[in-house]
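> Pasting a structure here, questions to come.
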Amino acid sequence: MAEEKQTTTTVSRHSEVGHKSLLQSDALYQYILETSVYPREPEAMKELRDITAKHPWNLMTTSADEGQFLAMLLKLINAKNTMEIGVYTGYSLLATALALPEDGKILAMDINRENYELGLPVIEKAGVAHKIEFREGPALPVLDQMLEDKACHGSYDFIFVDADKDNYINYHKRLIDLVKVGGVIGYDNTLWNGSVAEPADAPMRKYVRYYRDFVMELNKALAADPRIEICMLPVGDGITLCRRIS
C-alpha cells in the first residue's frame with residue numbers, strides 16, 4: 001500500500017511540464033511558481049515553455065523556477081561568455097540569452113538540432129539569437145579541440161551542463177580548465193529524482209536506475225575536487241554549482 005501511495009504521489013508531482021521539484025508538497029511548489037516565477041517570467045519564456053509542453057519528451061526541459069534561478073545567477077556574477085551543453089528546445093538557453101548583456105555569447109551544443117529549432121523562432125522573436133552559437137553533435141570532441149587552444153583556457157564565466165549523465169564526469173575533466181578562476185559550472189539533475197538517497201534495490205524507473213550511478217559518481221568527484229567550491233541545491237531536479245578557485 002505504501003509503495004502504491006508513493007507511485008501516485010510521483011505521478012501527481014510530475015503532471016506539469018518541467019515539474020521536477022523535489023519538494024514533497026505540490027501546493028508549496030505551486031505557490032513558488034505562482035508567486036515568484038510566473039509573474040516575472042518573460043513572455044518569450046512562457047511561450048517556449050508552452051511549446052515544449054506539447055513535445056513528447058517534455059520532462060527533459062529545465063523547470064521554470066530553475067530558469068529563473070539561472071537568470072539571477074548569471075546577472076549576479078556578471079557573466080558574459082558562457083557555454084551550455086544539452087539544449088533540448090532551449091528554455092534554459094533562452095533564460096541565459098535574456099540575462100546576458102547585449103554583447104554576451106553562448107556556445108550551445110546538442111546532438112539534436114531538430115529540438116533546438118522548435119524553440120528557435122521564439123528565441124529569434126525575443127531578439128537574442130545573435131548571442132547564440134549552436135553546434136550540433138557530441139560536445140566532448142569540441143571540448144577536446146578547445147583545450148588544444150590555450151586561448152580557450154579560463155575563458156568562460158559560466159557553463160551549464162544538462163546532457164548525457166553518463167558523461168558528466170568526462171565533461172567536468174575538461175570544463176574545469178575552460179571556466180575561469182572565479183567562474184561557475186552548473187550541473188543539472190544532480191539529485192536525480194531523489195534516487196541518489198535511495199538504496200540500490202529501491203524501486204525505480206529503468207532510466208532513473210541506469211543513470212543513478214553516473215550521477216552519484218559525479219557528486220562524489222565534485223565533493224573531492226580541491227579546485228572548486230560547491231553548493232548542491234534542491235532546485236528543479238537538483239543543481240550543483242561549482243565555483244573554480246584554482
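For the C-alpha cells, the naming scheme is as follows: chains receive sequential letters (A, B, ...) according to their order of presentation, residues are indexed from 1 within each chain, and ligands are indexed from 1 in presentation order.
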With only C-alpha atoms as the counted atoms, please give the residues lying no more than 12 Å from Asp201 of chain A, apart from itself and same-chain residues fewer than 6 positions off, as a list of chain:residue names.
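The neighbour list is A:Ser195, A:Arg209, A:Arg212.
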> Under the rule of at most 12 Å, produce a per-residue listing of segment 55-172 of chain A near segment 222-231 of chain A: chain, number, name, the closest pair of atoms, and the distance in Å, as a tab-separated table, using only C-alpha atoms.

```
residue	atom	partner	partner_atom	distance
A:Tyr168	CA	A:Leu222	CA	10.7
A:Ile169	CA	A:Leu222	CA	8.9
A:Tyr171	CA	A:Leu222	CA	11.9
A:His172	CA	A:Leu222	CA	8.7
```
> Have a look at A:Ser246, A:Asn112, A:Ser155, A:Ser92 and name the one nearest to Phe69 of chain A; count only C-alpha atoms.
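Answer, going by the shortest atom-to-atom distance: A:Ser92.
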> List as a list of chain:residue names the protein and nucleic acid residues near His153 of chain A, meaning an atom at most 10 Å away when only C-alpha atoms are counted, but skip any in the same chain fewer than 4 places from it.
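Contacts, with the query itself left out: A:Met146, A:Leu147, A:Glu148, A:Asp149, A:Arg174, A:Leu175, A:Ile176, A:Asp177, A:Leu178, A:Val179, A:Lys180.
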> Can you write just those residues out, N, CA and C atoms, as an mmCIF file, in the first residue's frame?

```cif
data_model
loop_
_atom_site.group_PDB
_atom_site.id
_atom_site.type_symbol
_atom_site.label_atom_id
_atom_site.label_comp_id
_atom_site.auth_asym_id
_atom_site.auth_seq_id
_atom_site.Cartn_x
_atom_site.Cartn_y
_atom_site.Cartn_z
ATOM 1 N N MET A 146 38.932 22.554 -28.139
ATOM 2 C CA MET A 146 39.102 23.830 -27.450
ATOM 3 C C MET A 146 40.282 23.784 -26.486
ATOM 4 N N LEU A 147 40.470 22.644 -25.837
ATOM 5 C CA LEU A 147 41.556 22.524 -24.867
ATOM 6 C C LEU A 147 42.935 22.610 -25.522
ATOM 7 N N GLU A 148 42.988 22.319 -26.816
ATOM 8 C CA GLU A 148 44.253 22.424 -27.537
ATOM 9 C C GLU A 148 44.649 23.875 -27.781
ATOM 10 N N ASP A 149 43.676 24.773 -27.645
ATOM 11 C CA ASP A 149 43.920 26.201 -27.839
ATOM 12 C C ASP A 149 44.031 26.875 -26.478
ATOM 13 N N ARG A 174 37.148 18.225 -18.436
ATOM 14 C CA ARG A 174 37.525 19.183 -19.470
ATOM 15 C C ARG A 174 37.109 20.615 -19.113
ATOM 16 N N LEU A 175 35.899 20.742 -18.572
ATOM 17 C CA LEU A 175 35.355 22.074 -18.319
ATOM 18 C C LEU A 175 36.112 22.823 -17.232
ATOM 19 N N ILE A 176 36.714 22.104 -16.306
ATOM 20 C CA ILE A 176 37.418 22.753 -15.208
ATOM 21 C C ILE A 176 38.561 23.629 -15.733
ATOM 22 N N ASP A 177 39.095 23.300 -16.906
ATOM 23 C CA ASP A 177 40.163 24.106 -17.495
ATOM 24 C C ASP A 177 39.626 25.214 -18.391
ATOM 25 N N LEU A 178 38.364 25.119 -18.794
ATOM 26 C CA LEU A 178 37.793 26.117 -19.697
ATOM 27 C C LEU A 178 37.092 27.248 -18.949
ATOM 28 N N VAL A 179 36.602 26.962 -17.734
ATOM 29 C CA VAL A 179 35.971 28.006 -16.934
ATOM 30 C C VAL A 179 37.064 28.810 -16.233
ATOM 31 N N LYS A 180 36.842 30.107 -16.069
ATOM 32 C CA LYS A 180 37.868 30.944 -15.451
ATOM 33 C C LYS A 180 37.889 30.730 -13.937
#
```
> Just give me the gap between atom CA of Val128 of chain A and atom CA of Gly182 of chain A in Å, one decimal is fine.
25.8 Å
> Please report, as a PyMOL selection string, each residue of segment 152-185 of chain A to which DSSP assigns helix (DSSP H, G or I) when run on this structure's backbone.
chain A and resi 152+165-178
> Run DSSP on the backbone of this structure and report the residues of segment 102-215 of chain A it assigns to strand (DSSP E or B), as a PDB file with C-alpha atoms, in the first residue's frame.

```
ATOM      1  CA  LYS A 105      27.877  34.948 -26.024  1.00  0.00           C
ATOM      2  CA  ILE A 106      26.678  31.362 -25.553  1.00  0.00           C
ATOM      3  CA  LEU A 107      28.286  28.339 -27.159  1.00  0.00           C
ATOM      4  CA  ALA A 108      25.354  25.895 -27.200  1.00  0.00           C
ATOM      5  CA  MET A 109      25.819  22.214 -28.035  1.00  0.00           C
ATOM      6  CA  ASP A 110      23.300  19.428 -28.508  1.00  0.00           C
ATOM      7  CA  ILE A 132      23.965  32.029 -29.531  1.00  0.00           C
ATOM      8  CA  GLU A 133      26.379  29.856 -31.498  1.00  0.00           C
ATOM      9  CA  PHE A 134      24.693  26.461 -31.853  1.00  0.00           C
ATOM     10  CA  ARG A 135      26.704  23.369 -32.722  1.00  0.00           C
ATOM     11  CA  GLU A 136      25.031  20.060 -33.442  1.00  0.00           C
ATOM     12  CA  TYR A 156      34.240  31.042 -19.733  1.00  0.00           C
ATOM     13  CA  ASP A 157      32.360  32.855 -16.990  1.00  0.00           C
ATOM     14  CA  PHE A 158      29.587  30.266 -16.722  1.00  0.00           C
ATOM     15  CA  ILE A 159      28.933  26.776 -18.084  1.00  0.00           C
ATOM     16  CA  PHE A 160      25.654  24.868 -17.719  1.00  0.00           C
ATOM     17  CA  VAL A 161      25.525  21.103 -18.241  1.00  0.00           C
ATOM     18  CA  VAL A 179      35.971  28.006 -16.934  1.00  0.00           C
ATOM     19  CA  LYS A 180      37.868  30.944 -15.451  1.00  0.00           C
ATOM     20  CA  VAL A 181      39.019  31.106 -11.842  1.00  0.00           C
ATOM     21  CA  GLY A 182      36.001  32.605 -10.082  1.00  0.00           C
ATOM     22  CA  GLY A 183      33.705  31.290 -12.807  1.00  0.00           C
ATOM     23  CA  VAL A 184      30.886  28.813 -12.262  1.00  0.00           C
ATOM     24  CA  ILE A 185      29.894  25.440 -13.709  1.00  0.00           C
ATOM     25  CA  GLY A 186      26.342  24.272 -13.068  1.00  0.00           C
ATOM     26  CA  TYR A 187      25.499  20.568 -13.311  1.00  0.00           C
ATOM     27  CA  ASP A 188      21.784  19.809 -13.603  1.00  0.00           C
TER      28      ASP A 188
END
```
> Given the choices A:Asp65, A:Glu84, A:Glu102, A:Glu117, which gets closest to Leu48 of chain A if the distance is worked out from only C-alpha atoms?
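The answer is A:Glu117, which sits nearest to Leu48 of chain A.
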> At a cut-off of 8 Å, using only C-alpha atoms, what residues contact segment 94-101 of chain A? Leave out same-chain residues fewer than 3 positions from it and give the result as a tab-separated table (two decimals) with all heavy atoms, in the first residue's frame.

```tsv
chain	number	residue	atom	x	y	z
A	45	MET	N	9.75	33.26	-22.71
A	45	MET	CA	10.00	32.01	-21.99
A	45	MET	C	8.70	31.26	-21.73
A	45	MET	O	8.66	30.04	-21.80
A	45	MET	CB	10.76	32.29	-20.70
A	45	MET	CG	12.19	32.75	-20.95
A	45	MET	SD	13.14	33.01	-19.44
A	45	MET	CE	13.20	31.34	-18.79
A	67	GLY	N	14.96	28.02	-14.28
A	67	GLY	CA	15.26	29.04	-15.28
A	67	GLY	C	15.41	30.40	-14.65
A	67	GLY	O	16.33	31.17	-14.97
A	68	GLN	N	14.52	30.72	-13.72
A	68	GLN	CA	14.58	32.00	-13.01
A	68	GLN	C	15.86	32.09	-12.18
A	68	GLN	O	16.53	33.12	-12.14
A	68	GLN	CB	13.36	32.17	-12.11
A	68	GLN	CG	13.29	33.52	-11.41
A	68	GLN	CD	12.11	33.62	-10.46
A	68	GLN	OE1	12.01	32.84	-9.51
A	68	GLN	NE2	11.23	34.57	-10.70
A	70	LEU	N	18.75	30.51	-12.70
A	70	LEU	CA	19.91	30.65	-13.58
A	70	LEU	C	20.06	32.09	-14.06
A	70	LEU	O	21.18	32.64	-14.09
A	70	LEU	CB	19.80	29.70	-14.78
A	70	LEU	CG	19.95	28.21	-14.49
A	70	LEU	CD1	19.65	27.40	-15.74
A	70	LEU	CD2	21.35	27.89	-13.97
A	71	ALA	N	18.94	32.71	-14.42
A	71	ALA	CA	18.99	34.10	-14.89
A	71	ALA	C	19.53	35.02	-13.80
A	71	ALA	O	20.37	35.90	-14.07
A	71	ALA	CB	17.60	34.54	-15.35
A	72	MET	N	19.06	34.84	-12.58
A	72	MET	CA	19.54	35.66	-11.47
A	72	MET	C	21.03	35.43	-11.23
A	72	MET	O	21.81	36.38	-11.04
A	72	MET	CB	18.75	35.32	-10.21
A	72	MET	CG	19.23	36.03	-8.95
A	72	MET	SD	18.87	37.78	-8.93
A	72	MET	CE	17.14	37.74	-8.42
A	74	LEU	N	23.37	34.39	-13.32
A	74	LEU	CA	24.17	34.97	-14.39
A	74	LEU	C	24.37	36.47	-14.20
A	74	LEU	O	25.45	37.01	-14.46
A	74	LEU	CB	23.51	34.68	-15.74
A	74	LEU	CG	23.60	33.23	-16.21
A	74	LEU	CD1	22.52	32.93	-17.23
A	74	LEU	CD2	24.97	32.93	-16.78
A	75	LYS	N	23.32	37.14	-13.74
A	75	LYS	CA	23.43	38.58	-13.51
A	75	LYS	C	24.29	38.87	-12.29
A	75	LYS	O	25.07	39.84	-12.28
A	75	LYS	CB	22.03	39.18	-13.35
A	75	LYS	CG	21.23	39.14	-14.64
A	75	LYS	CD	19.80	39.62	-14.43
A	75	LYS	CE	18.99	39.53	-15.71
A	75	LYS	NZ	17.58	39.95	-15.53
A	78	ASN	N	27.83	38.60	-13.25
A	78	ASN	CA	28.16	39.42	-14.43
A	78	ASN	C	28.73	38.58	-15.57
A	78	ASN	O	29.73	38.94	-16.20
A	78	ASN	CB	29.16	40.53	-14.05
A	78	ASN	CG	28.57	41.52	-13.08
A	78	ASN	OD1	27.45	41.99	-13.27
A	78	ASN	ND2	29.30	41.83	-12.01
A	79	ALA	N	28.08	37.45	-15.83
A	79	ALA	CA	28.54	36.54	-16.88
A	79	ALA	C	28.39	37.18	-18.25
A	79	ALA	O	27.44	37.92	-18.51
A	79	ALA	CB	27.76	35.24	-16.82
A	80	LYS	N	29.33	36.86	-19.11
A	80	LYS	CA	29.30	37.41	-20.48
A	80	LYS	C	29.59	36.32	-21.51
A	80	LYS	O	28.95	36.25	-22.55
A	80	LYS	CB	30.31	38.55	-20.58
A	80	LYS	CG	30.23	39.33	-21.88
A	80	LYS	CD	31.13	40.56	-21.81
A	80	LYS	CE	31.07	41.36	-23.10
A	80	LYS	NZ	31.93	42.57	-23.04
A	90	GLY	N	15.51	24.65	-25.71
A	90	GLY	CA	16.17	25.92	-25.47
A	90	GLY	C	15.60	26.79	-24.37
A	90	GLY	O	15.87	28.00	-24.34
A	91	TYR	N	14.86	26.22	-23.41
A	91	TYR	CA	14.29	27.05	-22.35
A	91	TYR	C	15.38	27.68	-21.48
A	91	TYR	O	15.39	28.89	-21.25
A	91	TYR	CB	13.32	26.23	-21.49
A	91	TYR	CG	12.58	27.06	-20.46
A	91	TYR	CD1	11.48	27.83	-20.83
A	91	TYR	CD2	12.98	27.08	-19.13
A	91	TYR	CE1	10.80	28.60	-19.89
A	91	TYR	CE2	12.32	27.85	-18.19
A	91	TYR	CZ	11.23	28.61	-18.58
A	91	TYR	OH	10.57	29.37	-17.65
A	104	GLY	N	26.86	39.59	-24.96
A	104	GLY	CA	27.14	38.29	-24.35
A	104	GLY	C	27.11	37.18	-25.38
A	104	GLY	O	26.49	37.31	-26.44
A	105	LYS	N	27.78	36.06	-25.08
A	105	LYS	CA	27.88	34.95	-26.02
A	105	LYS	C	27.59	33.62	-25.32
A	105	LYS	O	27.97	33.41	-24.17
A	105	LYS	CB	29.27	34.89	-26.65
A	105	LYS	CG	29.64	36.12	-27.49
A	105	LYS	CD	28.73	36.26	-28.71
A	105	LYS	CE	29.09	37.48	-29.53
A	105	LYS	NZ	28.13	37.69	-30.66
A	106	ILE	N	26.94	32.72	-26.05
A	106	ILE	CA	26.68	31.36	-25.55
A	106	ILE	C	27.09	30.37	-26.63
A	106	ILE	O	26.56	30.41	-27.75
A	106	ILE	CB	25.18	31.13	-25.24
A	106	ILE	CG1	24.59	32.28	-24.43
A	106	ILE	CG2	25.00	29.80	-24.52
A	106	ILE	CD1	23.06	32.28	-24.41
A	123	ILE	N	13.21	32.28	-29.74
A	123	ILE	CA	14.48	32.91	-29.40
A	123	ILE	C	14.75	34.08	-30.34
A	123	ILE	O	15.18	35.16	-29.92
A	123	ILE	CB	15.63	31.88	-29.46
A	123	ILE	CG1	15.47	30.84	-28.34
A	123	ILE	CG2	17.00	32.56	-29.37
A	123	ILE	CD1	16.42	29.67	-28.44
A	128	VAL	N	17.39	37.67	-29.22
A	128	VAL	CA	18.65	37.27	-28.57
A	128	VAL	C	19.40	36.17	-29.34
A	128	VAL	O	20.40	35.64	-28.85
A	128	VAL	CB	18.40	36.80	-27.12
A	128	VAL	CG1	17.95	37.97	-26.25
A	128	VAL	CG2	17.36	35.68	-27.06
A	129	ALA	N	18.92	35.84	-30.54
A	129	ALA	CA	19.55	34.75	-31.30
A	129	ALA	C	21.00	35.05	-31.65
A	129	ALA	O	21.82	34.13	-31.79
A	129	ALA	CB	18.75	34.46	-32.57
A	131	LYS	N	23.23	36.11	-29.85
A	131	LYS	CA	24.15	35.76	-28.75
A	131	LYS	C	24.53	34.28	-28.77
A	131	LYS	O	25.43	33.87	-28.03
A	131	LYS	CB	23.49	36.09	-27.41
A	131	LYS	CG	23.10	37.54	-27.22
A	131	LYS	CD	22.43	37.75	-25.86
A	131	LYS	CE	21.92	39.16	-25.69
A	131	LYS	NZ	21.28	39.37	-24.36
A	132	ILE	N	23.83	33.49	-29.58
A	132	ILE	CA	23.96	32.03	-29.53
A	132	ILE	C	24.72	31.48	-30.73
A	132	ILE	O	24.40	31.79	-31.88
A	132	ILE	CB	22.57	31.37	-29.46
A	132	ILE	CG1	21.81	31.85	-28.22
A	132	ILE	CG2	22.68	29.85	-29.48
A	132	ILE	CD1	20.34	31.48	-28.21
```
> Which is closer to Thr82 of chain A than all the others in A:Ala197, A:Cys152, A:Leu23, A:Leu218, using only C-alpha atoms?
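Selected residue with least distance to Thr82 of chain A: A:Cys152.
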> Closest to Tyr88 of chain A among A:Ala163, A:Tyr207, A:Glu47, A:Ser36, using only C-alpha atoms?
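Answer, going by the shortest atom-to-atom distance: A:Ala163.
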> Quick one: distance from atom CA of Ile245 of chain A to atom CA of Asn167 of chain A in Å, one decimal?
23.1 Å
